[in-house]
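The next block holds one structure in the form of structure tokens; read it before the comments.
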Amino acid sequence: MAEEIIKGVVIELDFAVINGAELLYNTTEKVLKDNDIAFNSRVEAQYLAGNNCQFALTKYFSDIKTKKTPQKAAKDISEAFVSALTSAVPNAVTASFLAFIKALSSKGVKVVIATRANIELVKSAFESVLGENVSLYHETSQIYGSAKADAWRRACASGDLRSNMSVAIAGSGYSVKGALVAGLGVLAVVNDRVAYQDFGGANDVVKTINSKLADKVLAILKVS
């Protein structure tokens, strides 16, 4: 008997559904300001975006010749960002977003919702859709504002999905690149904070997720 081919979607909740890019910028700005370290959009783009947060801060702190500890700053940013995300999830899980998930799962498409938020604290927001075809996945990546290829592969593995049979819903240009390297098709969601990034290679770039977007995803997956 031929093996059943399962098609799937991996959603980068933190940056494609929530405006995590703005939350992360504000979080980083506060942590660095509390340490008397300058931070702005240029610094974020030059050092942090798409890179390991601690490594990026190590380079930045070295360049500006501060004796502040990059390890502590990176830890503080990560913890504050997770807290901010966890608080933002309930408002981000709108009826329109849930309709998008239901439209996919009703066609037999498996959906993995990946987030750095506290899974136990946000699970209730997804109760109406969680089940055999919809699951939550906790990602612990320290990459600033995006997911690299290994994170997309881990998310696929959590749902027993093949990357070449799946579509990523990505929220940054760097996440688009990571998903493409991992072998997924990609639909990108862009907001003002990440608009300068390269979204090349994405099947499409949109402003928001709604039930109509499900039709584009199903078309990419060739699910009728």
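Each chain in the structure tokens gets a letter, A, B and so on, in the order shown; residues start at 1 in every chain, and ligands are counted from 1 in the order they appear.
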Residues of region 93-184 of chain A that approach region 25-48 of chain A to 10 Å or less, counting only C-alpha atoms: could you list each one with the shortest pair of atoms and its distance in Å to one decimal, rows by chain and increasing residue number, as a tab-separated table?
```
residue	atom	partner	partner_atom	distance
A:Ile143	CA	A:Leu48	CA	8.5
A:Tyr144	CA	A:Leu48	CA	6.1
A:Gly145	CA	A:Leu48	CA	8.4
```
At most 9 Å is the cut-off: for each residue in region 119-140 of chain A with any atom that close to an atom of region 78-102 of chain A, write down the nearest atom pair and the distance in Å rounded to one decimal, counting only C-alpha atoms, chain first then increasing number, as CSV.
```
residue,atom,partner,partner_atom,distance
A:Ile119,CA,A:Thr86,CA,8.3
A:Leu121,CA,A:Thr86,CA,7.1
A:Val122,CA,A:Thr86,CA,6.5
A:Ser124,CA,A:Pro90,CA,8.7
A:Ala125,CA,A:Pro90,CA,5.8
A:Phe126,CA,A:Val93,CA,7.5
A:Ser128,CA,A:Leu98,CA,8.1
A:Val129,CA,A:Lys102,CA,6.7
A:Val134,CA,A:Ile101,CA,8.0
```
Backbone DSSP call of helix (DSSP H, G or I) for region 33-133 of chain A, listed as a PyMOL selection string: chain A and resi 33-34+41-48+53-63+70-92+95-105+119-126
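The residue that comes closest to Ile77 (chain A), out of A:Val223, A:Glu120, A:Leu23, A:Ser166 and on the basis of only C-alpha atoms, is A:Leu23.
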Surrounding residues of His138 (chain A) excluding itself and chain neighbours under 5 positions, 6 Å, only C-alpha atoms, as a list in words: Ala114, Thr115 and Arg116 of chain A
Can you write out the residues you just picked, keeping C-alpha atoms, as a PDB file, in the first residue's frame?
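Below you can see again21.pdb, which holds the result:
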```pdb
ATOM      1  CA  ALA A 114       5.276  27.632  16.015  1.00  0.00           C
ATOM      2  CA  THR A 115       5.917  30.150  18.775  1.00  0.00           C
ATOM      3  CA  ARG A 116       8.446  31.205  21.410  1.00  0.00           C
TER       4      ARG A 116
END
```
From the options A:Gly50, A:Gly8, A:Gly173, A:Gly201, which residue's atoms come nearest to Ala157 (chain A), counting only C-alpha atoms? A:Gly8
Out of A:Val186, A:Val112, A:Ile6, A:Ala195, which residue has the shortest atom-to-atom distance to Arg154 (chain A) when counting only C-alpha atoms?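 Closest residue, counting only C-alpha atoms: A:Val112.
Considering only C-alpha atoms, the residue among A:Lys222, A:Lys7, A:Leu136, A:Asp63 positioned nearest to Lys123 (chain A) is A:Leu136.
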Residues near region 67-71 of chain A, anyone? I mean within 6 Å using only C-alpha atoms, not counting same-chain ones fewer than 2 positions away, as a list of chain:residue names.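 So the residues in contact are A:Gln54, A:Leu57, A:Thr58, A:Ala73, A:Ala74.
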Residues from the last selection, all heavy atoms, saved as an mmCIF file, in the first residue's frame:
```
data_model
loop_
_atom_site.group_PDB
_atom_site.id
_atom_site.type_symbol
_atom_site.label_atom_id
_atom_site.label_comp_id
_atom_site.auth_asym_id
_atom_site.auth_seq_id
_atom_site.Cartn_x
_atom_site.Cartn_y
_atom_site.Cartn_z
ATOM 1 N N GLN A 54 22.930 36.841 20.945
ATOM 2 C CA GLN A 54 24.115 37.005 21.782
ATOM 3 C C GLN A 54 25.355 37.290 20.950
ATOM 4 O O GLN A 54 26.155 38.172 21.291
ATOM 5 C CB GLN A 54 24.344 35.753 22.634
ATOM 6 C CG GLN A 54 25.529 35.887 23.578
ATOM 7 C CD GLN A 54 25.703 34.678 24.477
ATOM 8 O OE1 GLN A 54 24.746 34.206 25.073
ATOM 9 N NE2 GLN A 54 26.921 34.166 24.569
ATOM 10 N N LEU A 57 25.131 40.890 19.663
ATOM 11 C CA LEU A 57 25.401 41.883 20.703
ATOM 12 C C LEU A 57 26.872 41.902 21.091
ATOM 13 O O LEU A 57 27.428 42.960 21.410
ATOM 14 C CB LEU A 57 24.536 41.610 21.928
ATOM 15 C CG LEU A 57 23.039 41.875 21.779
ATOM 16 C CD1 LEU A 57 22.299 41.515 23.059
ATOM 17 C CD2 LEU A 57 22.767 43.339 21.418
ATOM 18 N N THR A 58 27.517 40.742 21.058
ATOM 19 C CA THR A 58 28.952 40.685 21.345
ATOM 20 C C THR A 58 29.728 41.547 20.357
ATOM 21 O O THR A 58 30.617 42.317 20.746
ATOM 22 C CB THR A 58 29.456 39.225 21.285
ATOM 23 O OG1 THR A 58 28.781 38.459 22.272
ATOM 24 C CG2 THR A 58 30.955 39.161 21.540
ATOM 25 N N ALA A 73 22.596 40.790 28.442
ATOM 26 C CA ALA A 73 21.661 41.581 27.634
ATOM 27 C C ALA A 73 20.820 40.677 26.744
ATOM 28 O O ALA A 73 19.606 40.856 26.627
ATOM 29 C CB ALA A 73 22.428 42.598 26.797
ATOM 30 N N ALA A 74 21.453 39.686 26.122
ATOM 31 C CA ALA A 74 20.732 38.759 25.249
ATOM 32 C C ALA A 74 19.698 37.961 26.046
ATOM 33 O O ALA A 74 18.569 37.745 25.584
ATOM 34 C CB ALA A 74 21.707 37.810 24.560
#
```
Strand (DSSP E) per DSSP on the backbone: members of region 88-209 of chain A, as a ChimeraX atom specification: /A:110-115,134-138,166-170,185-189,204-206
Can I get the selection written as a compact mmCIF listing (two decimals), in the first residue's frame, with N, CA and C atoms?
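Result file selection-v6.txt:
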```txt
# COMPACT_ATOMS: atom_id res chain seq x y z
N LYS A 110 -2.23 19.42 7.58
CA LYS A 110 -1.78 19.54 8.96
C LYS A 110 -1.17 20.92 9.18
N VAL A 111 -1.51 21.54 10.29
CA VAL A 111 -1.03 22.89 10.60
C VAL A 111 -0.22 22.85 11.89
N VAL A 112 1.00 23.35 11.83
CA VAL A 112 1.85 23.50 13.01
C VAL A 112 2.00 24.99 13.29
N ILE A 113 1.63 25.40 14.48
CA ILE A 113 1.74 26.81 14.88
C ILE A 113 2.95 26.92 15.79
N ALA A 114 4.01 27.54 15.28
CA ALA A 114 5.28 27.63 16.02
C ALA A 114 5.38 28.97 16.74
N THR A 115 5.81 28.92 18.00
CA THR A 115 5.92 30.15 18.78
C THR A 115 6.97 30.02 19.87
N VAL A 134 -4.06 20.01 13.84
CA VAL A 134 -3.53 21.32 14.26
C VAL A 134 -2.81 21.17 15.59
N SER A 135 -1.55 21.60 15.63
CA SER A 135 -0.77 21.48 16.86
C SER A 135 0.06 22.73 17.11
N LEU A 136 0.44 22.92 18.38
CA LEU A 136 1.33 24.00 18.78
C LEU A 136 2.73 23.45 18.95
N TYR A 137 3.71 24.23 18.54
CA TYR A 137 5.12 23.83 18.68
C TYR A 137 5.90 24.96 19.33
N HIS A 138 6.65 24.62 20.38
CA HIS A 138 7.44 25.64 21.07
C HIS A 138 8.85 25.68 20.51
N SER A 166 5.33 20.97 2.41
CA SER A 166 4.78 21.94 3.36
C SER A 166 5.02 23.37 2.90
N VAL A 167 4.21 24.26 3.45
CA VAL A 167 4.33 25.69 3.18
C VAL A 167 4.56 26.42 4.50
N ALA A 168 5.51 27.34 4.50
CA ALA A 168 5.78 28.17 5.66
C ALA A 168 5.04 29.49 5.52
N ILE A 169 4.47 29.95 6.63
CA ILE A 169 3.92 31.30 6.69
C ILE A 169 4.92 32.10 7.52
N ALA A 170 5.74 32.89 6.84
CA ALA A 170 6.90 33.53 7.46
C ALA A 170 6.69 35.03 7.64
N GLY A 185 7.77 25.64 0.66
CA GLY A 185 7.22 26.76 -0.07
C GLY A 185 6.96 27.86 0.96
N VAL A 186 6.82 29.12 0.51
CA VAL A 186 6.68 30.20 1.48
C VAL A 186 5.66 31.25 1.05
N LEU A 187 4.80 31.60 2.01
CA LEU A 187 3.99 32.79 1.90
C LEU A 187 4.49 33.74 2.99
N ALA A 188 4.80 34.97 2.63
CA ALA A 188 5.38 35.91 3.58
C ALA A 188 4.37 36.97 3.98
N VAL A 189 4.41 37.33 5.26
CA VAL A 189 3.59 38.41 5.80
C VAL A 189 4.54 39.55 6.17
N ASP A 204 4.38 34.38 -2.46
CA ASP A 204 3.59 35.61 -2.44
C ASP A 204 3.92 36.36 -1.16
N VAL A 205 3.68 37.66 -1.18
CA VAL A 205 3.88 38.51 0.00
C VAL A 205 2.58 39.24 0.29
N VAL A 206 2.08 39.10 1.51
CA VAL A 206 0.80 39.70 1.88
C VAL A 206 0.96 40.55 3.13
```
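Take the candidates A:Thr66, A:Gln197, A:Ser211, A:Asn191 and check each one against Glu22 (chain A) using only C-alpha atoms; the shortest distance goes to A:Asn191.
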